[in-house]
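Visitor: This one is start38.tsv, TSV, C-alpha atoms.
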chain	number	residue	atom	x	y	z
A	1	MET	CA	25.33	-60.05	56.36
A	2	ASN	CA	28.14	-62.35	55.39
A	3	GLU	CA	30.54	-64.01	57.73
A	4	GLY	CA	33.87	-62.23	57.86
A	5	GLN	CA	32.37	-58.98	56.59
A	6	PRO	CA	32.06	-55.75	58.59
A	7	TYR	CA	28.73	-55.57	60.36
A	8	SER	CA	26.29	-52.83	59.50
A	9	ASP	CA	22.71	-52.49	60.56
A	10	PRO	CA	20.57	-51.33	57.66
A	11	ARG	CA	17.42	-51.02	59.72
A	12	ASP	CA	15.67	-47.72	60.13
A	13	GLU	CA	14.50	-47.78	63.73
A	14	LYS	CA	11.97	-44.99	63.24
A	15	ALA	CA	10.37	-46.70	60.26
A	16	SER	CA	10.48	-50.08	62.01
A	17	ARG	CA	8.65	-48.70	65.05
A	18	TRP	CA	6.05	-47.05	62.84
A	19	LEU	CA	5.45	-50.25	60.91
A	20	ALA	CA	5.23	-52.24	64.13
A	21	SER	CA	2.63	-49.88	65.55
A	22	LEU	CA	0.72	-49.99	62.26
A	23	ALA	CA	0.71	-53.78	62.35
A	24	ALA	CA	-0.45	-53.73	65.97
A	25	ASP	CA	-3.31	-51.38	65.07
A	26	VAL	CA	-4.66	-53.53	62.26
A	27	THR	CA	-4.21	-56.87	64.02
A	28	PRO	CA	-7.55	-58.31	65.12
A	29	VAL	CA	-8.07	-59.46	68.68
A	30	GLN	CA	-6.11	-62.65	69.22
A	31	PRO	CA	-7.30	-65.65	71.25
A	32	LEU	CA	-3.98	-65.62	73.08
A	33	SER	CA	-1.90	-62.75	74.38
A	34	ILE	CA	1.69	-63.17	75.51
A	35	TRP	CA	3.42	-61.00	78.06
A	36	CYS	CA	7.16	-61.25	78.73
A	37	SER	CA	8.64	-60.38	82.11
A	38	ASP	CA	11.59	-58.73	80.38
A	39	PRO	CA	10.53	-56.09	77.83
A	40	LYS	CA	13.85	-56.50	76.01
A	41	THR	CA	13.09	-60.14	75.27
A	42	THR	CA	13.79	-61.15	71.70
A	43	LEU	CA	11.78	-64.36	71.77
A	44	LEU	CA	10.22	-65.30	68.43
A	45	THR	CA	6.69	-66.60	68.87
A	46	ALA	CA	4.13	-67.82	66.37
A	47	VAL	CA	0.65	-69.05	67.22
A	48	ARG	CA	-1.36	-71.41	65.06
A	49	LYS	CA	-4.92	-72.44	65.73
A	50	GLN	CA	-6.13	-75.96	65.25
A	51	LYS	CA	-9.72	-77.03	65.83
A	52	LYS	CA	-9.47	-77.41	69.58
A	53	ARG	CA	-5.90	-76.38	70.16
A	54	LEU	CA	-3.64	-73.44	70.06
A	55	LEU	CA	-0.03	-74.17	69.19
A	56	LEU	CA	2.51	-71.65	70.37
A	57	TYR	CA	5.94	-72.01	68.80
A	58	ALA	CA	8.81	-70.25	70.52
A	59	VAL	CA	12.37	-69.79	69.30
A	60	ASN	CA	14.56	-68.20	71.94
A	61	THR	CA	17.26	-66.55	69.90
A	62	ALA	CA	18.94	-63.41	71.11
A	63	GLY	CA	20.60	-62.56	67.84
A	64	ALA	CA	24.15	-61.35	67.68
A	65	SER	CA	25.27	-58.23	69.43
A	66	LEU	CA	27.70	-56.60	67.04
A	67	ALA	CA	28.92	-53.03	66.86
A	68	LYS	CA	28.91	-51.22	63.54
A	69	GLY	CA	31.99	-52.17	61.56
A	70	GLU	CA	32.78	-55.16	63.75
A	71	THR	CA	33.67	-58.27	61.80
A	72	VAL	CA	30.90	-60.86	61.65
A	73	PRO	CA	32.44	-63.96	63.24
A	74	THR	CA	33.30	-67.00	61.14
A	75	PRO	CA	31.62	-69.30	61.68
A	76	SER	CA	28.70	-67.23	62.76
A	77	LYS	CA	27.17	-68.21	66.04
A	78	VAL	CA	23.65	-68.52	67.24
A	79	VAL	CA	23.14	-66.75	70.53
A	80	TRP	CA	20.36	-68.27	72.60
A	81	ALA	CA	18.70	-65.87	75.01
A	82	GLU	CA	18.24	-66.35	78.72
A	83	PRO	CA	14.82	-67.84	79.45
A	84	VAL	CA	12.29	-65.40	80.88
A	85	ASP	CA	8.85	-65.72	82.37
A	86	LEU	CA	6.04	-65.75	79.84
A	87	THR	CA	2.48	-65.10	80.87
A	88	LEU	CA	-0.12	-66.45	78.48
A	89	SER	CA	-3.61	-65.01	78.77
A	90	LEU	CA	-6.68	-66.54	77.19
A	91	GLY	CA	-10.35	-65.59	77.18
A	92	LYS	CA	-11.19	-68.61	79.33
A	93	ALA	CA	-9.28	-71.34	81.08
A	94	PRO	CA	-8.03	-74.05	78.70
A	95	LYS	CA	-8.44	-77.75	79.47
A	96	ALA	CA	-4.72	-78.44	79.61
A	97	VAL	CA	-1.41	-76.90	78.71
A	98	ARG	CA	1.72	-78.79	77.79
A	99	VAL	CA	5.17	-77.45	77.14
A	100	ILE	CA	7.28	-79.63	74.88
A	101	SER	CA	10.82	-78.40	74.66
A	102	LEU	CA	13.78	-79.35	72.55
A	103	ASP	CA	15.58	-79.54	75.88
A	104	SER	CA	13.52	-82.20	77.61
A	105	LYS	CA	14.18	-81.01	81.15
A	106	GLU	CA	11.89	-78.12	80.39
A	107	ASP	CA	8.91	-80.28	79.51
A	108	LYS	CA	5.93	-79.43	81.61
A	109	ILE	CA	2.27	-80.38	81.94
A	110	ILE	CA	-0.24	-78.06	83.55
A	111	GLU	CA	-3.32	-80.15	84.32
A	112	LYS	CA	-5.75	-77.52	85.52
A	113	PRO	CA	-4.60	-74.20	84.19
A	114	GLY	CA	-6.35	-70.92	84.76
A	115	SER	CA	-7.02	-68.38	82.05
A	116	SER	CA	-3.63	-66.89	82.80
A	117	ILE	CA	-0.60	-69.20	82.78
A	118	THR	CA	3.00	-68.37	83.54
A	119	ILE	CA	5.72	-70.55	82.07
A	120	GLN	CA	9.38	-70.11	81.26
A	121	SER	CA	10.40	-69.44	77.72
A	122	PRO	CA	12.36	-72.36	76.27
A	123	LYS	CA	16.11	-72.47	76.31
A	124	ARG	CA	16.14	-72.88	72.52
A	125	PHE	CA	12.89	-74.09	70.96
A	126	GLY	CA	9.60	-75.01	72.54
A	127	LEU	CA	6.08	-75.85	71.54
A	128	VAL	CA	3.26	-74.98	73.91
A	129	VAL	CA	0.13	-76.97	73.21
A	130	ILE	CA	-3.00	-75.41	74.65
A	131	ASP	CA	-6.03	-77.70	74.61
A	132	LEU	CA	-9.11	-75.49	74.49
B	1	MET	CA	0.11	-69.39	35.09
B	2	ARG	CA	0.79	-72.68	36.84
B	3	GLN	CA	-2.39	-74.17	35.37
B	4	ARG	CA	-1.36	-73.24	31.85
B	5	GLN	CA	2.08	-74.61	32.54
B	6	ALA	CA	0.58	-77.85	33.84
B	7	SER	CA	-1.53	-78.26	30.74
B	8	GLU	CA	1.59	-77.93	28.58
B	9	PHE	CA	3.58	-80.36	30.71
B	10	PRO	CA	1.07	-82.73	32.27
B	11	GLY	CA	2.28	-84.89	35.10
B	12	LYS	CA	5.41	-82.85	35.77
B	13	THR	CA	6.15	-81.50	39.23
B	14	CYS	CA	7.73	-78.08	39.15
B	15	VAL	CA	10.20	-77.01	41.81
B	16	SER	CA	11.29	-73.40	42.15
B	17	LEU	CA	14.28	-72.10	43.99
B	18	LEU	CA	13.12	-69.02	45.83
B	19	GLY	CA	15.83	-66.67	46.95
B	20	SER	CA	15.63	-64.10	49.64
B	21	ILE	CA	12.78	-61.63	49.41
B	22	ASN	CA	15.01	-59.03	50.96
B	23	SER	CA	17.84	-59.55	48.54
B	24	ALA	CA	18.07	-58.16	45.07
B	25	TRP	CA	20.21	-61.13	44.10
B	26	GLY	CA	17.62	-62.94	42.00
B	27	THR	CA	16.34	-60.00	40.04
B	28	GLN	CA	19.83	-58.61	39.49
B	29	THR	CA	21.49	-61.81	38.37
B	30	HIS	CA	19.04	-64.09	36.60
B	31	GLY	CA	15.90	-61.99	36.56
B	32	GLY	CA	13.86	-64.50	38.48
B	33	ALA	CA	11.37	-62.93	40.83
B	34	ILE	CA	10.10	-64.74	43.89
B	35	GLU	CA	6.52	-64.17	42.82
B	36	CYS	CA	7.13	-65.71	39.41
B	37	GLY	CA	8.70	-68.72	41.08
B	38	LEU	CA	5.69	-69.15	43.32
B	39	ASN	CA	3.31	-68.73	40.40
B	40	THR	CA	4.97	-71.47	38.37
B	41	SER	CA	5.75	-74.22	40.83
B	42	ASP	CA	4.29	-76.95	42.98
B	43	ILE	CA	7.14	-76.80	45.46
B	44	GLY	CA	9.06	-73.70	46.46
B	45	LEU	CA	12.49	-74.01	48.04
B	46	TRP	CA	13.14	-70.98	50.19
B	47	GLU	CA	16.88	-70.69	50.05
B	48	ALA	CA	17.69	-68.75	53.17
B	49	TYR	CA	21.20	-68.38	51.97
B	50	ASN	CA	22.83	-66.86	54.94
B	51	PRO	CA	21.27	-67.51	58.30
B	52	ALA	CA	24.40	-65.88	59.64
B	53	ASP	CA	22.01	-62.96	59.71
B	54	PHE	CA	21.29	-63.91	63.26
B	55	TYR	CA	21.80	-60.34	64.32
B	56	SER	CA	18.18	-59.99	63.37
B	57	TRP	CA	15.94	-63.02	63.26
B	58	ARG	CA	13.16	-60.57	62.54
B	59	ARG	CA	14.32	-60.22	58.96
B	60	LEU	CA	14.29	-63.98	58.45
B	61	SER	CA	11.02	-64.52	60.28
B	62	THR	CA	9.32	-61.73	58.34
B	63	GLU	CA	10.45	-63.38	55.16
B	64	ALA	CA	9.33	-66.81	56.35
B	65	ALA	CA	5.89	-65.47	57.27
B	66	ALA	CA	5.47	-63.75	53.92
B	67	LEU	CA	6.62	-66.78	51.96
B	68	ALA	CA	4.54	-69.23	53.96
B	69	GLU	CA	1.41	-67.20	53.31
B	70	ALA	CA	2.24	-66.56	49.66
B	71	ALA	CA	2.78	-70.29	49.20
B	72	ARG	CA	-0.42	-71.16	51.05
B	73	VAL	CA	-2.67	-69.01	48.88
B	74	ARG	CA	-1.12	-70.50	45.75
B	75	GLY	CA	-1.19	-74.09	46.93
B	76	VAL	CA	2.59	-74.31	46.77
B	77	ILE	CA	4.50	-76.44	49.28
B	78	PRO	CA	7.23	-74.28	50.85
B	79	VAL	CA	10.44	-75.90	52.04
B	80	CYS	CA	13.14	-74.14	54.01
B	81	LEU	CA	16.57	-74.67	52.48
B	82	PRO	CA	19.20	-73.01	54.65
B	83	ASN	CA	22.74	-72.47	53.48
B	84	ALA	CA	24.58	-70.87	56.31
B	85	ASP	CA	28.18	-71.39	55.46
B	86	THR	CA	30.58	-69.61	53.20
B	87	ALA	CA	32.16	-71.54	50.34
B	88	PRO	CA	35.79	-71.50	51.51
B	89	LYS	CA	34.79	-72.67	54.97
B	90	ARG	CA	32.01	-75.03	54.10
B	91	ASP	CA	32.75	-77.47	56.86
B	92	VAL	CA	33.17	-74.87	59.57
B	93	PHE	CA	29.87	-73.89	61.06
B	94	ASP	CA	27.88	-73.66	64.23
B	95	PRO	CA	25.43	-76.60	64.24
B	96	GLU	CA	23.06	-74.47	66.27
B	97	GLU	CA	22.42	-72.47	63.11
B	98	GLU	CA	20.54	-75.47	61.82
B	99	THR	CA	18.67	-75.77	65.08
B	100	PHE	CA	17.72	-72.13	64.78
B	101	MET	CA	16.55	-72.48	61.19
B	102	TRP	CA	14.68	-75.66	62.03
B	103	GLY	CA	12.85	-73.89	64.85
B	104	LEU	CA	12.09	-70.87	62.69
B	105	ALA	CA	10.78	-73.06	59.89
B	106	GLN	CA	8.64	-74.99	62.35
B	107	ALA	CA	7.15	-71.77	63.63
B	108	TYR	CA	5.98	-70.91	60.12
B	109	GLY	CA	4.86	-74.39	59.18
B	110	MET	CA	7.65	-75.19	56.77
B	111	PRO	CA	9.54	-78.44	56.56
B	112	LEU	CA	13.29	-78.07	56.64
B	113	SER	CA	15.61	-79.36	53.98
B	114	LEU	CA	19.01	-80.00	55.47
B	115	SER	CA	20.90	-78.65	52.54
B	116	ARG	CA	24.14	-78.25	54.36
B	117	VAL	CA	24.28	-81.82	55.47
B	118	PHE	CA	24.19	-82.83	51.86
B	119	LEU	CA	26.55	-80.16	50.67
B	120	THR	CA	29.16	-81.02	53.25
B	121	GLY	CA	28.39	-84.67	52.94
B	122	LEU	CA	27.18	-87.35	55.26
B	123	THR	CA	30.33	-88.26	57.09
B	124	GLU	CA	30.90	-90.53	60.00
B	125	ASN	CA	31.20	-87.44	62.12
B	126	ASP	CA	27.71	-86.23	61.23
B	127	HIS	CA	25.31	-87.09	63.99
B	128	PRO	CA	21.58	-86.43	63.85
B	129	ARG	CA	20.80	-83.17	65.57
B	130	ASP	CA	18.71	-83.18	68.68
B	131	TYR	CA	15.66	-81.87	66.87
B	132	PHE	CA	15.42	-85.17	64.98
B	133	VAL	CA	15.15	-86.91	68.33
B	134	PHE	CA	12.64	-84.30	69.47
B	135	GLU	CA	10.35	-84.86	66.51
B	136	ARG	CA	10.67	-88.60	66.52
B	137	ASP	CA	10.51	-89.42	70.21
B	138	ARG	CA	8.50	-86.73	71.90
B	139	LEU	CA	6.54	-84.55	69.53
B	140	ARG	CA	5.09	-87.58	67.80
B	141	THR	CA	4.18	-89.25	71.06
B	142	TYR	CA	2.24	-86.30	72.33
B	143	ARG	CA	0.47	-85.28	69.18
B	144	GLY	CA	-0.40	-88.82	68.21
B	145	SER	CA	0.89	-88.31	64.74
B	146	GLN	CA	3.57	-89.70	62.52
B	147	PRO	CA	6.35	-87.61	61.01
B	148	ALA	CA	5.53	-87.30	57.34
B	149	ALA	CA	7.57	-85.70	54.62
B	150	THR	CA	5.50	-84.35	51.77
B	151	ILE	CA	8.50	-84.45	49.53
B	152	GLY	CA	12.11	-85.48	49.76
B	153	ILE	CA	14.96	-83.70	48.07
B	154	MET	CA	18.42	-85.07	47.72
B	155	PHE	CA	21.53	-83.45	46.41
B	156	SER	CA	24.35	-85.48	45.02
B	157	HIS	CA	27.89	-84.35	44.63
B	158	CYS	CA	27.21	-84.27	40.90
B	159	SER	CA	25.35	-81.08	41.56
B	160	ARG	CA	28.53	-79.55	42.94
B	161	ASP	CA	30.91	-80.60	40.20
B	162	ASN	CA	31.51	-77.05	39.16
B	163	ASP	CA	32.79	-76.15	42.60
B	164	PRO	CA	36.47	-77.14	43.01
B	165	ALA	CA	36.27	-76.48	46.75
B	166	TYR	CA	33.79	-79.27	47.20
B	167	GLU	CA	35.10	-82.48	48.63
B	168	SER	CA	33.34	-85.06	46.55
B	169	LEU	CA	34.36	-87.95	48.76
B	170	GLN	CA	32.05	-86.68	51.45
B	171	GLY	CA	29.07	-86.99	49.16
B	172	ARG	CA	29.50	-90.64	48.26
B	173	GLN	CA	26.95	-92.00	50.69
B	174	GLY	CA	24.30	-89.50	49.65
B	175	GLU	CA	25.04	-90.09	46.00
B	176	GLY	CA	24.81	-93.84	46.44
B	177	LEU	CA	21.42	-93.57	48.03
B	178	LEU	CA	20.26	-91.19	45.32
B	179	HIS	CA	21.33	-93.62	42.62
B	180	PHE	CA	19.54	-96.42	44.42
B	181	LEU	CA	16.33	-94.44	44.71
B	182	ALA	CA	16.56	-93.02	41.21
B	183	ARG	CA	16.98	-96.40	39.59
B	184	ARG	CA	14.05	-97.80	41.47
B	185	THR	CA	11.68	-94.95	40.89
B	186	LEU	CA	12.41	-92.95	37.82
B	187	TYR	CA	14.79	-92.52	34.97
B	188	VAL	CA	17.16	-89.64	35.49
B	189	PRO	CA	19.22	-88.57	32.48
B	190	GLY	CA	22.83	-88.24	33.47
B	191	LEU	CA	22.50	-90.56	36.42
B	192	ASP	CA	21.51	-93.69	34.60
B	193	GLU	CA	23.77	-93.13	31.64
Here is a file; write its structure as C-alpha cells.
Guide:
Amino acid sequence: MNEGQPYSDPRDEKASRWLASLAADVTPVQPLSIWCSDPKTTLLTAVRKQKKRLLLYAVNTAGASLAKGETVPTPSKVVWAEPVDLTLSLGKAPKAVRVISLDSKEDKIIEKPGSSITIQSPKRFGLVVIDL
Amino acid sequence: MRQRQASEFPGKTCVSLLGSINSAWGTQTHGGAIECGLNTSDIGLWEAYNPADFYSWRRLSTEAAALAEAARVRGVIPVCLPNADTAPKRDVFDPEEETFMWGLAQAYGMPLSLSRVFLTGLTENDHPRDYFVFERDRLRTYRGSQPAATIGIMFSHCSRDNDPAYESLQGRQGEGLLHFLARRTLYVPGLDE
C-alpha cells in the first residue's frame, strides 16, 4: 500500500483464519510457548534455538489502523503497541533469562527463573535470551 | 543452476535483487522471478520496497520468513534492503520505519542494508539510529560476540543519475568513500575511468 493512496485491505479473513489453524495443526511441539495477556496483541515474535539457548525476538508493532478508503499518511508512520504481559512457558526451568531491549530501561535479568516466566513485551524491539 | 553459472564465471560473486514475493511487479515488468534470483546468486537483496505496509506486518514477516528459509536451503546470504519512501518525498519519512525493518530483519536472521540512508545521502543531519548503539554497546557485550558484516553494499549517487529528483550533493560523502574503497580493492569500470 503506497503512501498517499486510499487504503484497502486485500486480506480474506476467513482464508487467513483457516490457514492459521492449518499452520497451528501441523506445527510440532515447540520448546517455548508464549501467552499474551491481551488476546488482541499484535506482537511479532520469532524464536531461534542455539545449542544451549533460546533466542526470542520481539517486535512490538501495532500496525496502522486505517479505514477502507482512508488515505495512507505521508510519510507513513510506525505505530508501536502498548507493552503487555508475556508469559513464557518451557518444559523445565531455564538457568537464566535476560531481556535486552532497544530501550535500555526495559533491560532485565532473571537469575533463578521458574519454568514459567512473565515479562513485559518490549516497547519497540527486544531480545529475550533464555539460557537452557 | 548456480553451480553451472559459477563454472562459467569462476570467482564472480552474484548478487540478485529480490522483489516482493507478494507483488507481481517483477514478473510483470522484467520477468524476473524470486526463485530464479535465489537460484542464481550468492547474495539476495530482499527489496522490501514499501514498508509503509505497516498496516499489516504479517505480510512482511511472512515474506521475510519464506525468503530467509529459501535462502538458507540454497546457501544464499539474504540481506534486507528496505525502501520506505516515495520518490517525490524521498527525504520525508518516519525514522521508526527503519527501526521496524531492522527489528523484523533481526527476527528472521537477516542483516539490514540501510538503503535509504544512502539514497537520501549521508548528511550532517543523519545520526546513527539507536539500534546501532544497541548492537554495538549492549548486544555485543552480553553475547560475547563482535558485530560482523558478511558483506557490505554501498550505493553511490552515480546509481541514481537517471532520477532527476535525486539530490546528488547529499551523496558526496558516500560516493567518496566508495571511490576510496573501490580504488584500493578492485577495479570498477566507470568509477576508475
Visitor: So how many Å separate CA of Ile109 in chain A and CA of Pro111 in chain B, to one decimal?
Guide: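 For CA of Ile109 in chain A relative to CA of Pro111 in chain B, the distance reads 26.5 Å.
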Visitor: Just checking: using only C-alpha atoms, which residue out of A:Lys95, A:Lys52, A:Arg124, A:Arg17 ends up closest to chain B?
Guide: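 Residue with the minimum atom-to-atom distance to chain B: A:Arg124.
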Visitor: If we count all atoms listed in the file and set the cut-off at 7 Å, which residues sit around range 113-119 of chain A, ignoring sequence neighbours fewer than 5 positions away in its own chain? Please answer as a list in words.
Guide: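 These residues fall inside the cut-off: Asp85, Leu86, Thr87, Leu88, Ser89, Leu90, Gly91, Lys92, Ala93, Pro94, Ala96 and Val97 of chain A.
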Visitor: Nearest residue to Glu98 in chain B out of A:Ile110, A:Leu22, A:Asp12, A:Val78, using all atoms listed in the file?
Guide: A:Val78
Visitor: I'd like to know which of B:Ser61, B:Ala68, B:Pro82, B:Arg129 is closest to Thr45 in chain A, using all atoms listed in the file.
Guide: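 Smallest separation from Thr45 in chain A among the options: B:Ser61.
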Visitor: Between B:Ala48, B:Val76, B:Ala105, B:Val133, which one has atoms that come closest to Cys14 in chain B, using all atoms listed in the file?
Guide: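 With all atoms listed in the file as the atom set, the closest residue is B:Val76.
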Visitor: For a test of reading the model, state the distance in Å between CA of Trp18 in chain A and CA of Ala81 in chain A, rounded to one decimal.
Guide: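 About the pair CA of Trp18 in chain A and CA of Ala81 in chain A: they are 25.7 Å apart.
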Visitor: If you take every atom of range 46-59 of chain A that the file lists and fit an axis-aligned box around them with 5 Å extra on each side, what centre and edge lengths come out in Å to one decimal, as AutoDock Vina command-line options?
Guide:
--center_x 1.3 --center_y -72.6 --center_z 67.8 --size_x 32.1 --size_y 19.6 --size_z 15.5
Visitor: Need to verify the contact set: Ala62 in chain A, 6 Å, only C-alpha atoms, exclusion of same-chain residues closer than 5 positions in sequence. Can you return it as a PyMOL selection string?
Guide: chain A and resi 42+79-81
Visitor: Separation of CA of Trp35 in chain A and CA of Lys51 in chain A, in Å?
Guide: 24.1 Å
Visitor: Please identify all polymer residues lying at most 7 Å from the point (34.2, -56.5, 63.0) (file coordinates), using only C-alpha atoms, and present the result as an NGL selection string.
Guide: :A and (6-7 or 69-72)
Visitor: Looking at A:Ala20, A:Leu102, A:Val59, A:Leu66, which one is nearest to Gln5 in chain A, with distances taken over all atoms listed in the file?
Guide: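 Of all the options, A:Leu66 lies closest to Gln5 in chain A.
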